[in-house]
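Engineer: One structure coming up, written as C-alpha cells, with questions to follow.
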Amino acid sequence: MDALYPRAAISMVEILERLGHRVLCPDALVCCGQPAFNSGYWDQARAVAQPVLESLQDAEAIVIGSGSCGAMLKIFYPQLFDKTPQKEMACGVAARTWEFSSFLVDKLGVTDLGAAFPHRVTFHDGCHGLRELGLKQPPRTLLRSVQGLELLEMKEAETCCGFGGAFSAKFPMISSAMGDVKCHSALETGAEYMVSNDSSCLMHLQGLLSRQGKSLKTMHLAEVLNCVKKN
Amino acid sequence: MTEKGQILNRIRLALKTNAPRPGHPAPAQVKNPGGSHHPPSPGEPRNWLPKVGESVEEHRTLFARNAAELKADFHWLDSLEDARKLLNDMASREVWQKVATHAGECTSPLCSTLPCKVLTLSPGYDRNELESCNAGISECDFLVAQTGTVALTNQSAGGRALSVLPPHHIVLARKHQLLADLPAAFAGLRQKYGDNFPTMISLITGPSRTGDIERILVLGAHGPKKLTILAF
Amino acid sequence: MSFASEFRNRARVVASNLRHRQIIRTALGNYETARDRRKATYQDWQGARQLAAETKWEAINHLDHYLLDFSTRLEARGTKVHWASNASQAREIILAIVQEKQARSVIKSKAMTAEEIHLNEALEKAGLKVVESDLGELIVQLRRETPYHIVFPSMHLTREEISALFEKELGSAPTLDPEELTMIARRVLRGKYLTADIGITGGNFAVAETGMVSITENEGNARLTAALPKTMITLLGIEKIIPRLDDLALFLPMLATMGAGQALTGYNTLYGGPRQPGELDGPEEWHVVLLDNHRTELLADGEQRDALHCIRCGACLNVCPIFRNVGGHTYGTTYSGPIGSVITPHLRGLQDWKHLSGASSLCGACTETCPVKIDLHHHLLQNRRNAAQERPDNLEEAAFGVFGWLTRRPAAWKTVRFILQKIQPLTRQFQKKPWHPAKPWTQTRDLPVIPSESFRDWWKNRPKTSKHD
C-alpha cells in the first residue's frame with residue numbers, strides 16, 4: 001500500500017484522523033512477512049515480522065487496510081511465533097489488530113462516514129478478510145451508507161479472484177483463469193467500480209482488466225469512503 | 001509379526017502425538033485407552049438434523065412430500081384389502097407376467113391373489129428367474145419420514161437381490177412402521193434384532209438413480225426404475 | 001518429467017480451455033443449488049459439522065481400538081479380515097483370493113481405494129475381466145481414464161462424447177438422450193452381475209460397534225455387486241472407522257448433502273457378514289481388506305491428522321477454484337482437489353507432491369465447506385513449510401532473505417522503490433514480450449503503475465498542523 005496504493009493508505013489516515021484518532025506509522029512497518037510465511041519460509045518470515053511486532057507493542061489498536069495482512073497479524077503471527085520468546089507479544093498484537101472496515105464498524109460503531117460516491121459499485125471480498133477474519137458485512141455496511149452509491153452483488157461473490165500471493169506468479173495461468181472468472185462476474189453486474197478491502201486482489205484484477213481493455217475500474221474501500229461530500 | 005500387528009503398532013506409535021480436538025486450539029491430553037472404550041456420542045444428531053414434527057400425520061405428510069420429490073409412489077391406504085386392490089390394478093395396468101416375492105405376513109396374503117405368476121424366493125432360488133420378473137414385492141422394517149427412506153434387511157425383505165434386481169420394487173408396510181427420523185430407525189433396528197443383525201441392512205431412498213451423464217437425473221440406473229410404497 | 005512439471009503443463013492447457021470451464025461450471029451450478037437448499041433444511045448445519053468432526057476425531061484418535069472392535073465383530077460372523085500395510089500387499093491379497101476361486105470375471109462397484117492401489121491393472125494383468133458397474137466409472141474405464149472426480153467420475157464429459165464412446169466400445173446406436181445412454185449401460189451390465197465370479201466394493205464407513213461396512217451409492221450397482229457373485233471382496237482404508245451404528249444417522253445425511261445435494265443417497269447399505277444359515281442369498285465368502293498404505297504416517301502428524309476424518313464427499317473439490325479451473329485429471333493423483341493436495345504428499349512423498357500445496361491461493365473455501373471441518377487450506381500452508389524446511393529452494397530462500405534485509409532498511413527500501421518507479425514507464429511497452437523479467441505476471445496482466453509519491457513520502461511531507469500531536 002505504501003508503494004503501489006498510497007491513496008488507500010492516505011485515505012485511511014484521513015478518515016481515522018477525522019474521527020479524532022491519533023495515527024502513528026512507525027518506520028519499521030514495511031511488510032508483515034506473509035510472502036515468506038505463505039511460501040513456507042518461516043525463519044525468513046519471522047525476520048521480517050519481528051521488527052513489525054516490536055514496533056506495534058505499544059499501539060492501542062492496529063488498523064490494517066488489507067484483509068490479507070490483517071489475517072497475517074491476527075491469525076498467523078501467533079502460529080509463526082509459537083514456541084518463541086515473542087509468542088506473548090504476537091498474541092497481544094493479534095488481539096489488538098483490526099482490519100480497517102471492521103475497526104470502523106465493529107470497534108468504533110461507525111457506519112456512516114459522510115461520503116458520497118455516485119457510482120455503481122460491486123464489492124470484491126478478499127478471501128483472507130472474508131474467511132480468516134469472517135468479515136462479510138462490515139465493508140458492505142459502510143458502502144451502503146455512502147451517498148449515491150449503488151451496491152451491486154456479483155454472482156459467486158465469495159469465489160477467490162486467484163491472486164494468492166506467490167501463487168499468482170508460480171501458477172500464472174491458473175491465477176489468471178480464476179481472475180477472468182471473477183472479472184466476468186463483476187462485469188456482469190454492470191458496475192463502474194470494483195471495490196475491495198484488499199489491494200493485492202485489486203492489483204491482480206486491475207492488471208487483467210487493463211490488459212483486456214475493460215473500463216471497469218478497481219478502487220480500495222478507504223478511497224471510496226474518503227470521498228467526502230462537498231458542503 | 002503379522003501385518004495386523006504391525007499396522008496396529010504403527011497406529012499406537014502415531015497416536016502418542018496428540019491432535020487438537022475440533023474447535024479446540026490446544027492439543028487435547030487424551031490417553032489412548034486400552035480395553036473397552038465405547039463412550040456415548042459427543043452429541044445428539046437429532047438436534048441438528050432436519051425437523052420432522054411430532055404427530056403421525058406430520059410424518060405421513062413429510063414422507064409423502066419426500067417420496068414425491070424422489071419420484072417414488074407412496075400410497076397411504078385404509079386396509080390390506082385396499083392394498084390388494086391397488087396391487088391387482090397395478091398388475092393388470094403394467095401387464096405383469098411374473099413377480100417375485102418372499103414369504104411374509106403381508107406379502108403372502110397379498111401375492112396369493114395376484115393375476116400373474118408369483119415366484120416366492122426360497123434358499124437356492126434361480127437368480128436368472130428373479131431377473132426376468134416384472135416386479136419384486138417385499139416387506140420392510142421401517143419407513144423414515146425425514147428422508148422418505150425405506151429401511152429393510154435381507155431378513156425382512158426376501159434377501160439381498162429381490163429389492164434391487166427386478167425393474168419395479170414394491171414395498172408393503174404397516175402404518176405403524178412409519179418412523180420420524182434416522183435415529184429412530186437405528187433405534188428400531190436395534191430393538192428388533194438385538195445383537196443379531198441380519199447381514200444386510202439397506203436404507204432405500206427413491207428408485208435407483210444416476211446423474212453421471214451431465215449431472216442429469218436418470219432413474220433406473222442399475223436397480224429398480226420404479227419404487228412403489230404401500231402403507232396400510 | 002517431474003510430477004510438478006507435468007502438473008504445470010496440464011494446468012496451463014486446461015485452465016485456458018473455455019469449453020472445459022463451461023462444462024464444469026454448468027455441472028457444479030446445479031450441485032450448488034441442490035446442496036444449499038438441502039443444507040438449509042438442517043436445524044443447525046454448523047452444529048452438525050461440529051458433531052461430525054468430534055465423532056471422527058474420536059474414531060481416528062482411538063483408531064487401534066476401534067479397528068480391533070470392527071475386525072473382531074466381522075470375524076465372529078465368518079468374514080475374513082485381511083490387513084495390508086501397502087498397495088502391493090493389498091493387491092496380492094486380492095489376487096490370491098481371486099486365484100483360489102479360479103475366478104475369471106470381476107464386477108466392481110466404485111471404490112477410490114481400488115484406484116489408489118491400481119487394482120484393475122493388477123487384476124487384468126492376471127488375466128481377469130474386470131467391469132466397473134457404476135455408470136460414471138464404466139464410462140471412464142471404457143475411455144481408459146482415471147475418474148475425473150471422486151464422486152462424479154465422468155463429469156468432464158458431454159453426452160455427445162459418451163454416445164460416441166458407447167458406439168465405439170459397446171456397439172450401441174448413437175443417442176443424445178441421457179436416459180437412453182444409461183439404459184445401454186444397464187443392459188450391458190445386467191449380464192455381468194449375473195455371471196461374475198467375484199464382486200469387489202469399497203466402503204464409506206466401517207462401524208466398529210457392530211462390525212459392519214456401510215456403502216453409499218445411488219445406482220444400486222453396489223447392492224447388486226454385494227448380492228449376486230459368490231465371493232465378495234471389500235477394500236477399505238483404515239480411516240473409514242466410525243464408533244457407533246447410530247453415528248450413521250448423522251454421517252449418511254451429511255455425506256448425501258455435501259456429495260450431491262440429496263437428503264439421503266439412494267442406497268445406504270450396511271453389510272455385516274457373508275450369507276448366514278437361513279439367509280436367502282448373498283456371497284458365500286466375504287473378504288474385507290484393511291489398507292494402511294501410508295495412512296499411519298499421516299496419523300503420526302498431529303497437526304494434519306484431521307485429514308483422516310475425510311468422508312470423501314467431494315465438497316471441497318466442488319468449491320475449489322483451482323479444481324474448477326484445472327480439472328480433476330491435471331492433479332495426476334487418485335484424490336484430487338484440496339483434500340488430494342493435502343494428503344497426496346503424505347501418501348506419495350512430500351517433495352514429489354509439494355507443488356499441489358503451492359498450487360493454491362489459500363482462499364479457504366474448502367475448509368469452510370468441509371462437513372467434518374478438516375483445516376484443509378492451513379494444511380496446505382503446513383505442507384509448504386514442511387517442504388521448505390526439509391529441502392529449501394535455494395533461490396526462493398535467498399530471495400526472501402534479501403527481501404527481509406530490505407524491509408529492515410528503510411533507506412534501501414526507498415531506493416529500490418525509486419529505481420523501480422523510474423524504470424517502470426520505460427518497460428511498459430515491453431510488457432507482453434516473452435523476455436520481460438516479470439513475465440509470469442505480465443503475460444496476462446498489466447503491472448500496476450507505481451505513483452511518484454509513496455505513502456511514506458506523503459506522511460513525511462504533510463504539514464505538521466494536520467496531525468493531532
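Chain labels run A, B, ... following the order of the C-alpha cells; each chain numbers its residues from 1, and ligands are numbered from 1 in the order shown.
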Identify, on the basis of only C-alpha atoms, every residue whose closest approach to Lys192 of chain B does not exceed 12 Å; exclude the query and any residue fewer than 2 positions from it along the same chain; express the result as a list in words.

Structural biologist: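 Here the answer would be Asp141, Phe142, Leu152, Thr153, Gln155, Ser156, Gln177, Ala185, Phe186, Ala187, Gly188, Leu189, Arg190, Gly194, Asp195, Asn196, Phe197 and Pro198 of chain B.
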
Engineer: Which chain C residues have any atom within 6 Å of an atom of chain A, and for each, what is the nearest pair of atoms with distance in Å to one decimal, counting only C-alpha atoms, rows sorted by chain and number, as a Markdown table?

Structural biologist:
| residue | atom | partner | partner_atom | distance |
| --- | --- | --- | --- | --- |
| C:Arg12 | CA | A:Met173 | CA | 5.6 |
| C:Ala15 | CA | A:Ile174 | CA | 5.7 |
| C:Ser361 | CA | A:Gly164 | CA | 3.9 |
| C:Cys363 | CA | A:Cys127 | CA | 5.1 |
| C:Arg384 | CA | A:Gly40 | CA | 4.7 |
| C:Arg385 | CA | A:Gly40 | CA | 3.6 |
| C:Ala388 | CA | A:Gly40 | CA | 5.6 |
| C:Gly404 | CA | A:Val48 | CA | 5.1 |
| C:Thr407 | CA | A:Val30 | CA | 5.7 |
| C:Pro440 | CA | A:Ala169 | CA | 5.2 |
| C:Trp441 | CA | A:Ala169 | CA | 5.8 |
| C:Arg445 | CA | A:Gly207 | CA | 4.3 |
| C:Asp446 | CA | A:Gly207 | CA | 4.2 |
| C:Leu447 | CA | A:Gly207 | CA | 5.9 |
| C:Ile450 | CA | A:Leu4 | CA | 5.2 |
| C:Ser454 | CA | A:Ala3 | CA | 5.0 |
| C:Phe455 | CA | A:Pro6 | CA | 4.4 |

Engineer: Give me, please, the distance in Å between atom CA of Pro109 of chain B and atom CA of Leu228 of chain C, quoted to one decimal.

Structural biologist: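 According to the coordinates, atom CA of Pro109 of chain B and atom CA of Leu228 of chain C are separated by 28.1 Å.
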
Engineer: At a cut-off of 6 Å, using only C-alpha atoms, what residues contact Ser101 of chain A? Leave out same-chain residues fewer than 2 positions from it and give the result as a PDB file with all heavy atoms, in the first residue's frame.

Structural biologist:
ATOM      1  N   GLU A  99      -8.891  -5.178  10.976  1.00  0.00           N
ATOM      2  CA  GLU A  99      -8.979  -4.792   9.574  1.00  0.00           C
ATOM      3  C   GLU A  99      -9.765  -3.480   9.545  1.00  0.00           C
ATOM      4  O   GLU A  99     -10.649  -3.255  10.378  1.00  0.00           O
ATOM      5  CB  GLU A  99      -9.671  -5.913   8.785  1.00  0.00           C
ATOM      6  CG  GLU A  99      -9.776  -5.694   7.287  1.00  0.00           C
ATOM      7  CD  GLU A  99     -10.945  -4.816   6.888  1.00  0.00           C
ATOM      8  OE1 GLU A  99     -11.949  -4.829   7.624  1.00  0.00           O
ATOM      9  OE2 GLU A  99     -10.841  -4.112   5.884  1.00  0.00           O
ATOM     10  N   PHE A 103     -12.692  -2.327  12.050  1.00  0.00           N
ATOM     11  CA  PHE A 103     -12.361  -1.369  13.105  1.00  0.00           C
ATOM     12  C   PHE A 103     -13.439  -0.286  13.173  1.00  0.00           C
ATOM     13  O   PHE A 103     -13.938   0.054  14.238  1.00  0.00           O
ATOM     14  CB  PHE A 103     -10.989  -0.736  12.832  1.00  0.00           C
ATOM     15  CG  PHE A 103     -10.553   0.251  13.887  1.00  0.00           C
ATOM     16  CD1 PHE A 103     -10.167  -0.188  15.154  1.00  0.00           C
ATOM     17  CD2 PHE A 103     -10.525   1.617  13.616  1.00  0.00           C
ATOM     18  CE1 PHE A 103      -9.766   0.713  16.133  1.00  0.00           C
ATOM     19  CE2 PHE A 103     -10.125   2.520  14.591  1.00  0.00           C
ATOM     20  CZ  PHE A 103      -9.745   2.076  15.856  1.00  0.00           C
ATOM     21  N   LEU A 104     -13.818   0.216  11.996  1.00  0.00           N
ATOM     22  CA  LEU A 104     -14.825   1.277  11.962  1.00  0.00           C
ATOM     23  C   LEU A 104     -16.174   0.767  12.473  1.00  0.00           C
ATOM     24  O   LEU A 104     -16.788   1.371  13.349  1.00  0.00           O
ATOM     25  CB  LEU A 104     -14.989   1.802  10.528  1.00  0.00           C
ATOM     26  CG  LEU A 104     -13.786   2.539   9.942  1.00  0.00           C
ATOM     27  CD1 LEU A 104     -14.059   2.900   8.488  1.00  0.00           C
ATOM     28  CD2 LEU A 104     -13.445   3.785  10.742  1.00  0.00           C
ATOM     29  N   PRO A 138     -19.004  -5.874   7.435  1.00  0.00           N
ATOM     30  CA  PRO A 138     -18.537  -4.504   7.692  1.00  0.00           C
ATOM     31  C   PRO A 138     -18.310  -3.650   6.441  1.00  0.00           C
ATOM     32  O   PRO A 138     -18.823  -2.525   6.383  1.00  0.00           O
ATOM     33  CB  PRO A 138     -17.256  -4.710   8.492  1.00  0.00           C
ATOM     34  CG  PRO A 138     -17.457  -6.012   9.182  1.00  0.00           C
ATOM     35  CD  PRO A 138     -18.258  -6.857   8.244  1.00  0.00           C
ATOM     36  N   PRO A 139     -17.602  -4.153   5.411  1.00  0.00           N
ATOM     37  CA  PRO A 139     -17.416  -3.277   4.253  1.00  0.00           C
ATOM     38  C   PRO A 139     -18.738  -2.922   3.577  1.00  0.00           C
ATOM     39  O   PRO A 139     -18.920  -1.796   3.104  1.00  0.00           O
ATOM     40  CB  PRO A 139     -16.540  -4.096   3.300  1.00  0.00           C
ATOM     41  CG  PRO A 139     -16.318  -5.419   3.915  1.00  0.00           C
ATOM     42  CD  PRO A 139     -16.918  -5.445   5.268  1.00  0.00           C
TER      43      PRO A 139
END

Engineer: List as a tab-separated table every residue of chain B that is in contact with chain C, defined as an atom at most 6 Å from one of its atoms (using only C-alpha atoms), together with the nearest atom pair and the distance in Å rounded to one decimal, sorted by chain and then rising number.

Structural biologist:
residue	atom	partner	partner_atom	distance
B:Glu3	CA	C:Trp83	CA	5.8
B:Lys4	CA	C:Trp83	CA	5.4
B:Leu8	CA	C:Asp64	CA	5.6
B:Ile11	CA	C:Thr296	CA	5.8
B:Ala14	CA	C:Ala300	CA	3.9
B:Thr17	CA	C:Gly302	CA	5.9
B:Asn18	CA	C:Gly302	CA	5.7
B:Ala19	CA	C:Gly302	CA	4.4
B:Pro45	CA	C:Leu250	CA	5.6
B:Trp48	CA	C:Asp44	CA	4.9
B:Leu49	CA	C:Tyr42	CA	4.9
B:Pro50	CA	C:Tyr42	CA	4.1
B:Pro123	CA	C:Leu280	CA	4.6
B:Thr147	CA	C:Ala263	CA	5.9
B:Gly159	CA	C:Leu280	CA	5.0
B:Arg160	CA	C:Ala227	CA	5.3
B:Ala161	CA	C:Ala227	CA	5.7
B:Leu182	CA	C:Ala249	CA	5.2
B:Pro183	CA	C:Ala249	CA	5.5
B:Thr199	CA	C:Gly272	CA	4.4
B:Met200	CA	C:Tyr271	CA	4.7
B:Ile201	CA	C:Leu270	CA	5.0
B:Ser202	CA	C:Thr269	CA	4.1
B:Leu203	CA	C:Asn268	CA	5.0
B:Ile204	CA	C:Tyr267	CA	4.9
B:Thr205	CA	C:Gly266	CA	4.6
B:Gly206	CA	C:Gly266	CA	5.9
B:Ser208	CA	C:Glu219	CA	4.8
B:Arg209	CA	C:Glu219	CA	5.0
B:Thr210	CA	C:Glu219	CA	5.7
B:Asp212	CA	C:Gly136	CA	5.2
B:Arg215	CA	C:Ala27	CA	6.0
B:Val218	CA	C:Glu179	CA	5.6
B:Ala221	CA	C:Glu219	CA	5.2
B:His222	CA	C:Gly220	CA	5.5
B:Gly223	CA	C:Gly220	CA	4.8

Engineer: Please produce an output containing N, CA, C and O atoms for each residue in the selection, written as a tab-separated table (two decimals), in the first residue's frame.

Structural biologist:
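Listing of out.tsv after writing:
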chain	number	residue	atom	x	y	z
B	3	GLU	N	0.93	-58.65	9.71
B	3	GLU	CA	0.65	-57.31	9.20
B	3	GLU	C	-0.31	-56.58	10.13
B	3	GLU	O	-0.19	-55.38	10.35
B	4	LYS	N	-1.25	-57.35	10.66
B	4	LYS	CA	-2.22	-56.76	11.58
B	4	LYS	C	-1.49	-56.12	12.78
B	4	LYS	O	-1.71	-54.96	13.11
B	8	LEU	N	-1.28	-52.12	13.67
B	8	LEU	CA	-1.75	-51.64	14.97
B	8	LEU	C	-0.61	-50.97	15.74
B	8	LEU	O	-0.81	-49.94	16.40
B	11	ILE	N	-0.08	-47.58	14.38
B	11	ILE	CA	-1.16	-46.69	14.83
B	11	ILE	C	-0.88	-46.23	16.27
B	11	ILE	O	-0.96	-45.04	16.58
B	14	ALA	N	1.87	-43.74	16.38
B	14	ALA	CA	1.43	-42.45	15.82
B	14	ALA	C	0.57	-41.69	16.82
B	14	ALA	O	0.67	-40.47	16.96
B	17	THR	N	1.48	-38.93	19.69
B	17	THR	CA	1.36	-37.48	19.48
B	17	THR	C	-0.12	-37.14	19.53
B	17	THR	O	-0.92	-37.81	18.90
B	18	ASN	N	-0.44	-36.10	20.28
B	18	ASN	CA	-1.84	-35.71	20.35
B	18	ASN	C	-2.23	-34.81	19.19
B	18	ASN	O	-1.40	-34.09	18.65
B	19	ALA	N	-3.48	-34.86	18.85
B	19	ALA	CA	-4.01	-33.98	17.80
B	19	ALA	C	-5.08	-33.10	18.42
B	19	ALA	O	-5.81	-33.55	19.30
B	45	PRO	N	-27.50	-36.29	17.20
B	45	PRO	CA	-27.73	-35.83	15.82
B	45	PRO	C	-29.10	-35.17	15.63
B	45	PRO	O	-29.26	-34.24	14.86
B	48	TRP	N	-29.58	-31.47	15.32
B	48	TRP	CA	-29.08	-30.70	14.18
B	48	TRP	C	-29.78	-31.07	12.88
B	48	TRP	O	-29.88	-30.26	11.97
B	49	LEU	N	-30.25	-32.31	12.79
B	49	LEU	CA	-30.83	-32.78	11.53
B	49	LEU	C	-32.14	-32.06	11.21
B	49	LEU	O	-32.74	-31.44	12.08
B	50	PRO	N	-32.58	-32.17	9.94
B	50	PRO	CA	-33.83	-31.51	9.57
B	50	PRO	C	-35.00	-31.90	10.49
B	50	PRO	O	-35.10	-33.06	10.92
B	123	PRO	N	-34.34	-70.48	-0.33
B	123	PRO	CA	-32.89	-70.66	-0.50
B	123	PRO	C	-32.57	-71.45	-1.76
B	123	PRO	O	-33.25	-72.43	-2.08
B	147	THR	N	-36.45	-38.54	5.52
B	147	THR	CA	-35.76	-38.61	4.24
B	147	THR	C	-36.54	-39.37	3.16
B	147	THR	O	-36.05	-39.53	2.05
B	159	GLY	N	-34.11	-61.36	1.23
B	159	GLY	CA	-32.73	-61.49	0.74
B	159	GLY	C	-32.17	-60.19	0.21
B	159	GLY	O	-32.75	-59.11	0.40
B	160	ARG	N	-31.03	-60.32	-0.45
B	160	ARG	CA	-30.32	-59.12	-0.89
B	160	ARG	C	-30.77	-58.65	-2.28
B	160	ARG	O	-30.70	-57.46	-2.57
B	161	ALA	N	-31.23	-59.57	-3.12
B	161	ALA	CA	-31.42	-59.20	-4.53
B	161	ALA	C	-32.86	-58.79	-4.87
B	161	ALA	O	-33.08	-57.98	-5.76
B	182	LEU	N	-33.95	-40.83	11.11
B	182	LEU	CA	-32.92	-41.87	11.07
B	182	LEU	C	-32.52	-42.38	12.46
B	182	LEU	O	-32.38	-43.58	12.64
B	183	PRO	N	-32.34	-41.47	13.45
B	183	PRO	CA	-32.02	-42.02	14.77
B	183	PRO	C	-33.09	-43.00	15.25
B	183	PRO	O	-32.77	-44.05	15.84
B	199	THR	N	-27.34	-59.77	7.84
B	199	THR	CA	-26.06	-59.35	7.24
B	199	THR	C	-26.23	-58.21	6.23
B	199	THR	O	-25.24	-57.69	5.73
B	200	MET	N	-27.46	-57.84	5.94
B	200	MET	CA	-27.64	-56.66	5.10
B	200	MET	C	-28.77	-55.79	5.61
B	200	MET	O	-29.88	-56.28	5.84
B	201	ILE	N	-28.45	-54.51	5.82
B	201	ILE	CA	-29.48	-53.53	6.17
B	201	ILE	C	-29.40	-52.47	5.08
B	201	ILE	O	-28.33	-51.91	4.85
B	202	SER	N	-30.50	-52.22	4.38
B	202	SER	CA	-30.43	-51.22	3.32
B	202	SER	C	-31.42	-50.09	3.56
B	202	SER	O	-32.58	-50.34	3.88
B	203	LEU	N	-30.92	-48.88	3.45
B	203	LEU	CA	-31.79	-47.70	3.52
B	203	LEU	C	-32.00	-47.25	2.08
B	203	LEU	O	-31.07	-46.78	1.44
B	204	ILE	N	-33.23	-47.46	1.60
B	204	ILE	CA	-33.52	-47.18	0.20
B	204	ILE	C	-34.27	-45.86	0.09
B	204	ILE	O	-35.34	-45.71	0.68
B	205	THR	N	-33.70	-44.93	-0.64
B	205	THR	CA	-34.31	-43.60	-0.73
B	205	THR	C	-34.59	-43.31	-2.20
B	205	THR	O	-33.73	-42.83	-2.93
B	206	GLY	N	-35.77	-43.67	-2.61
B	206	GLY	CA	-36.16	-43.44	-4.01
B	206	GLY	C	-35.71	-44.59	-4.90
B	206	GLY	O	-34.96	-45.47	-4.48
B	208	SER	N	-33.66	-46.41	-8.04
B	208	SER	CA	-32.27	-46.31	-8.48
B	208	SER	C	-32.10	-45.09	-9.38
B	208	SER	O	-32.96	-44.80	-10.20
B	209	ARG	N	-30.99	-44.37	-9.21
B	209	ARG	CA	-30.82	-43.13	-9.98
B	209	ARG	C	-29.36	-42.87	-10.30
B	209	ARG	O	-28.47	-43.37	-9.63
B	210	THR	N	-29.13	-42.09	-11.32
B	210	THR	CA	-27.78	-41.66	-11.62
B	210	THR	C	-27.81	-40.24	-12.18
B	210	THR	O	-28.81	-39.81	-12.74
B	212	ASP	N	-24.74	-39.35	-13.72
B	212	ASP	CA	-23.37	-39.40	-14.23
B	212	ASP	C	-23.22	-38.85	-15.64
B	212	ASP	O	-22.11	-38.64	-16.10
B	215	ARG	N	-24.76	-34.63	-15.18
B	215	ARG	CA	-25.48	-34.37	-13.93
B	215	ARG	C	-27.00	-34.30	-14.16
B	215	ARG	O	-27.70	-33.62	-13.41
B	218	VAL	N	-31.36	-39.52	-14.11
B	218	VAL	CA	-32.00	-40.62	-14.83
B	218	VAL	C	-32.35	-41.69	-13.81
B	218	VAL	O	-31.52	-42.04	-12.97
B	221	ALA	N	-30.85	-46.73	-12.98
B	221	ALA	CA	-29.50	-46.93	-13.50
B	221	ALA	C	-29.15	-48.42	-13.50
B	221	ALA	O	-28.79	-48.97	-14.54
B	222	HIS	N	-29.24	-49.05	-12.37
B	222	HIS	CA	-28.98	-50.50	-12.30
B	222	HIS	C	-30.07	-51.22	-11.52
B	222	HIS	O	-30.42	-52.34	-11.81
B	223	GLY	N	-30.58	-50.52	-10.53
B	223	GLY	CA	-31.65	-51.08	-9.72
B	223	GLY	C	-33.00	-50.70	-10.31
B	223	GLY	O	-33.10	-50.33	-11.49

Engineer: Do a neighbour search on Ala87 of chain C at 12 Å with only C-alpha atoms, toss out local chain neighbours closer than 4 positions, and write the hits as an MDAnalysis selection string.

Structural biologist: chainID C and resid 83 91:94 113:119 122 235:237 289:295 347:348

Engineer: When the cut-off is 12 Å and we count only C-alpha atoms, which residues of chain A are near chain B, given as a list in words?

Structural biologist: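 On the chain A side, the interface is Pro78, Gln79 and Asp82 of chain A.
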
Engineer: As a PyMOL selection string, please: every residue in segment 60-144 of chain A that a backbone DSSP assignment puts in strand (DSSP E or B).

Structural biologist: chain A and resi 62-64+97-99+115-116+120-124

Engineer: May I have the residues from that selection written out with C-alpha atoms, as a PDB file, in the first residue's frame?

Structural biologist:
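Contents of out00.pdb, as written:
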ATOM      1  CA  ILE A  62      -3.536  -1.716  14.980  1.00  0.00           C
ATOM      2  CA  VAL A  63      -5.593  -0.926  11.905  1.00  0.00           C
ATOM      3  CA  ILE A  64      -4.750  -2.557   8.609  1.00  0.00           C
ATOM      4  CA  THR A  97      -5.310  -5.906  15.321  1.00  0.00           C
ATOM      5  CA  TRP A  98      -8.275  -4.797  13.225  1.00  0.00           C
ATOM      6  CA  GLU A  99      -8.979  -4.792   9.574  1.00  0.00           C
ATOM      7  CA  ALA A 115     -19.009  10.052   1.984  1.00  0.00           C
ATOM      8  CA  ALA A 116     -20.597  10.460  -1.405  1.00  0.00           C
ATOM      9  CA  ARG A 120     -22.424   1.692  -9.386  1.00  0.00           C
ATOM     10  CA  VAL A 121     -20.112  -0.404  -7.262  1.00  0.00           C
ATOM     11  CA  THR A 122     -19.584  -4.112  -6.775  1.00  0.00           C
ATOM     12  CA  PHE A 123     -17.643  -5.322  -3.759  1.00  0.00           C
ATOM     13  CA  HIS A 124     -14.965  -7.997  -4.005  1.00  0.00           C
TER      14      HIS A 124
END

Engineer: Using only C-alpha atoms for the distances, tell me which of C:Pro434, C:Gly332, C:Gly340, C:Pro425 is nearest to Pro448 of chain C.

Structural biologist: C:Pro425
